[in-house]
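Trainee: Next comes work-v9.pdb, PDB, C-alpha atoms, pLDDT in the B column:
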```
MODEL        1
ATOM      1  CA  MET A   1       0.000   0.000   0.000  1.00 52.00           C
ATOM      2  CA  CYS A   2       1.177   3.542  -0.728  1.00 68.00           C
ATOM      3  CA  LYS A   3       2.299   5.744   2.120  1.00 87.00           C
ATOM      4  CA  ALA A   4       0.317   8.940   2.673  1.00 93.00           C
ATOM      5  CA  ASN A   5       1.918  12.339   2.189  1.00 94.00           C
ATOM      6  CA  VAL A   6       2.774  14.250   5.363  1.00 96.00           C
ATOM      7  CA  ALA A   7       0.579  17.367   5.424  1.00 96.00           C
ATOM      8  CA  ASP A   8       2.124  18.729   8.642  1.00 96.00           C
ATOM      9  CA  LYS A   9       4.312  17.475  11.488  1.00 97.00           C
ATOM     10  CA  LYS A  10       1.867  18.573  14.175  1.00 97.00           C
ATOM     11  CA  PRO A  11      -1.786  17.686  14.774  1.00 98.00           C
ATOM     12  CA  ALA A  12      -4.750  19.925  14.051  1.00 97.00           C
ATOM     13  CA  VAL A  13      -6.155  20.638  17.510  1.00 98.00           C
ATOM     14  CA  ILE A  14      -9.629  21.993  16.811  1.00 97.00           C
ATOM     15  CA  LYS A  15     -13.105  22.253  18.263  1.00 98.00           C
ATOM     16  CA  LEU A  16     -15.720  20.857  15.916  1.00 98.00           C
ATOM     17  CA  GLU A  17     -19.448  21.408  16.124  1.00 98.00           C
ATOM     18  CA  ALA A  18     -21.873  18.487  15.977  1.00 98.00           C
ATOM     19  CA  GLY A  19     -22.020  17.123  12.441  1.00 98.00           C
ATOM     20  CA  THR A  20     -20.301  14.890   9.931  1.00 98.00           C
ATOM     21  CA  TYR A  21     -16.733  15.466   8.764  1.00 98.00           C
ATOM     22  CA  TYR A  22     -14.323  13.586   6.506  1.00 98.00           C
ATOM     23  CA  TRP A  23     -10.677  13.422   7.570  1.00 98.00           C
ATOM     24  CA  CYS A  24      -8.108  13.417   4.765  1.00 97.00           C
ATOM     25  CA  ALA A  25      -6.112  10.171   4.754  1.00 96.00           C
ATOM     26  CA  CYS A  26      -3.909  10.863   1.716  1.00 96.00           C
ATOM     27  CA  GLY A  27      -2.300  14.130   2.861  1.00 96.00           C
ATOM     28  CA  ASP A  28      -3.008  15.935  -0.426  1.00 95.00           C
ATOM     29  CA  SER A  29      -6.104  17.942   0.553  1.00 96.00           C
ATOM     30  CA  LYS A  30      -5.711  21.717   0.432  1.00 97.00           C
ATOM     31  CA  GLY A  31      -8.189  21.956   3.342  1.00 96.00           C
ATOM     32  CA  GLN A  32      -6.282  19.912   5.933  1.00 97.00           C
ATOM     33  CA  PRO A  33      -7.176  18.060   8.042  1.00 97.00           C
ATOM     34  CA  PHE A  34     -10.353  17.536   6.034  1.00 98.00           C
ATOM     35  CA  CYS A  35     -10.865  15.824   2.687  1.00 97.00           C
ATOM     36  CA  ASP A  36     -11.360  17.896  -0.473  1.00 97.00           C
ATOM     37  CA  GLY A  37     -11.441  14.924  -2.879  1.00 94.00           C
ATOM     38  CA  SER A  38      -7.736  15.043  -3.793  1.00 92.00           C
ATOM     39  CA  HIS A  39      -7.509  11.260  -3.228  1.00 91.00           C
ATOM     40  CA  LYS A  40      -9.722  10.487  -6.252  1.00 87.00           C
ATOM     41  CA  GLY A  41      -8.214   7.754  -8.401  1.00 84.00           C
ATOM     42  CA  GLY A  42      -5.838   6.647  -5.652  1.00 85.00           C
ATOM     43  CA  SER A  43      -5.857   4.003  -2.958  1.00 89.00           C
ATOM     44  CA  PHE A  44      -6.794   6.351  -0.086  1.00 93.00           C
ATOM     45  CA  HIS A  45     -10.268   7.035   1.267  1.00 94.00           C
ATOM     46  CA  PRO A  46     -11.312   9.645   3.832  1.00 96.00           C
ATOM     47  CA  THR A  47     -12.328   8.634   7.346  1.00 97.00           C
ATOM     48  CA  LYS A  48     -15.826   9.658   8.377  1.00 98.00           C
ATOM     49  CA  ILE A  49     -16.183  11.453  11.728  1.00 98.00           C
ATOM     50  CA  VAL A  50     -19.687  11.818  13.213  1.00 98.00           C
ATOM     51  CA  LEU A  51     -20.077  14.068  16.258  1.00 98.00           C
ATOM     52  CA  ASN A  52     -23.285  14.367  18.281  1.00 98.00           C
ATOM     53  CA  GLU A  53     -22.025  17.340  20.284  1.00 98.00           C
ATOM     54  CA  PRO A  54     -19.254  19.948  20.027  1.00 98.00           C
ATOM     55  CA  THR A  55     -15.921  18.231  20.633  1.00 97.00           C
ATOM     56  CA  GLN A  56     -12.299  19.343  20.795  1.00 98.00           C
ATOM     57  CA  MET A  57      -9.889  16.851  19.278  1.00 97.00           C
ATOM     58  CA  ALA A  58      -6.397  16.437  17.875  1.00 98.00           C
ATOM     59  CA  LEU A  59      -6.627  15.188  14.300  1.00 98.00           C
ATOM     60  CA  CYS A  60      -3.553  13.680  12.690  1.00 98.00           C
ATOM     61  CA  ASN A  61      -1.895  15.788  10.002  1.00 97.00           C
ATOM     62  CA  CYS A  62       1.176  13.607   9.428  1.00 97.00           C
ATOM     63  CA  LYS A  63      -1.122  10.791   8.186  1.00 96.00           C
ATOM     64  CA  GLN A  64       1.078   8.154   9.851  1.00 95.00           C
ATOM     65  CA  THR A  65      -1.186   7.537  12.869  1.00 96.00           C
ATOM     66  CA  GLN A  66      -2.157   3.998  13.818  1.00 95.00           C
ATOM     67  CA  ASN A  67      -5.496   5.353  15.116  1.00 96.00           C
ATOM     68  CA  PRO A  68      -6.987   7.406  12.267  1.00 96.00           C
ATOM     69  CA  PRO A  69      -8.176  10.126  12.308  1.00 97.00           C
ATOM     70  CA  TYR A  70      -6.709  10.880  15.748  1.00 97.00           C
ATOM     71  CA  CYS A  71      -3.154  11.949  16.480  1.00 98.00           C
ATOM     72  CA  ASP A  72      -1.163   9.235  18.256  1.00 97.00           C
ATOM     73  CA  GLY A  73       2.179  11.066  18.308  1.00 96.00           C
ATOM     74  CA  ALA A  74       3.535   9.387  15.161  1.00 95.00           C
ATOM     75  CA  HIS A  75       4.700  12.820  13.906  1.00 95.00           C
ATOM     76  CA  GLY A  76       7.387  12.701  16.624  1.00 93.00           C
ATOM     77  CA  LYS A  77       9.127   9.892  14.756  1.00 92.00           C
ATOM     78  CA  LEU A  78       9.319  11.691  11.399  1.00 89.00           C
TER      79      LEU A  78
ENDMDL
END
```
What would you get if you wrote out this structure as structure tokens?
Mentor:
Amino acid sequence: MCKANVADKKPAVIKLEAGTYYWCACGDSKGQPFCDGSHKGGSFHPTKIVLNEPTQMALCNCKQTQNPPYCDGAHGKL
């Protein structure tokens, strides 16, 4: 499997409102950490995030996490 492109070497720590979001898994989206469809034609697919209430979270931007879409500190090894 292809390795994702590193979008940033630090997580996106953001507060999201209730709703549905799609986390970019390929690293090519211009709207990081969210998918903009840049993966089309490739082997990557966005990860769906469904929130029932406002939530602050750290979303992975290095795309090397073992727990997508959440940051697990993998950027520290890059």
Trainee: Report, in Å with one decimal, the straight-line distance from CA of Glu53 in chain A to CA of Gly31 in chain A.
Mentor: 22.4 Å
Trainee: Could you tell me which residues the PyMOL selection byres ((chain A and resi 24) around 8) returns for this structure, as a PyMOL selection string?
Mentor: chain A and resi 22-23+25-29+32-36+45-47
Trainee: Would you save the residues from that selection as a PDB file, keeping the file's coordinate frame, using C-alpha atoms?
Mentor:
```pdb
ATOM      1  CA  TYR A  22     -14.323  13.586   6.506  1.00 98.00           C
ATOM      2  CA  TRP A  23     -10.677  13.422   7.570  1.00 98.00           C
ATOM      3  CA  ALA A  25      -6.112  10.171   4.754  1.00 96.00           C
ATOM      4  CA  CYS A  26      -3.909  10.863   1.716  1.00 96.00           C
ATOM      5  CA  GLY A  27      -2.300  14.130   2.861  1.00 96.00           C
ATOM      6  CA  ASP A  28      -3.008  15.935  -0.426  1.00 95.00           C
ATOM      7  CA  SER A  29      -6.104  17.942   0.553  1.00 96.00           C
ATOM      8  CA  GLN A  32      -6.282  19.912   5.933  1.00 97.00           C
ATOM      9  CA  PRO A  33      -7.176  18.060   8.042  1.00 97.00           C
ATOM     10  CA  PHE A  34     -10.353  17.536   6.034  1.00 98.00           C
ATOM     11  CA  CYS A  35     -10.865  15.824   2.687  1.00 97.00           C
ATOM     12  CA  ASP A  36     -11.360  17.896  -0.473  1.00 97.00           C
ATOM     13  CA  HIS A  45     -10.268   7.035   1.267  1.00 94.00           C
ATOM     14  CA  PRO A  46     -11.312   9.645   3.832  1.00 96.00           C
ATOM     15  CA  THR A  47     -12.328   8.634   7.346  1.00 97.00           C
TER      16      THR A  47
END
```
Trainee: Out of A:Asn61, A:Asn52, A:Gln66, A:Ser43, which residue has the shortest atom-to-atom distance to Ala12 in chain A when counting all atoms listed in the file?
Mentor: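 Under the stated criterion, the closest residue is A:Asn61.
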Trainee: Do you have the CA of Ile49 in chain A-CA of Ile14 in chain A distance handy?
Mentor: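 Taking CA of Ile49 in chain A and CA of Ile14 in chain A, their separation equals 13.4 Å.
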Trainee: Here is a test: counting all atoms listed in the file, which residue of A:Pro11, A:Pro54, A:Gly37, A:Gly42 is nearest to Asp72 in chain A?
Mentor: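 Answer, going by the shortest atom-to-atom distance: A:Pro11.
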Trainee: Rounded to one decimal place, report the CA of Val6 in chain A-CA of Val50 in chain A distance in Å.
Mentor: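 Calculated distance between CA of Val6 in chain A and CA of Val50 in chain A is 23.9 Å.
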Trainee: Taking the file as shown, find all residues satisfying the PyMOL selection byres ((chain A and resi 60) around 9) and write them as an NGL selection string.
Mentor: :A and (8-13 or 23 or 33 or 58-59 or 61-65 or 67-75)
Trainee: Could you list, as a VMD selection string, every residue matched by the PyMOL selection byres ((chain A and resi 17) around 9) in this structure?
Mentor: chain A and resid 15 to 16 18 to 19 51 to 56
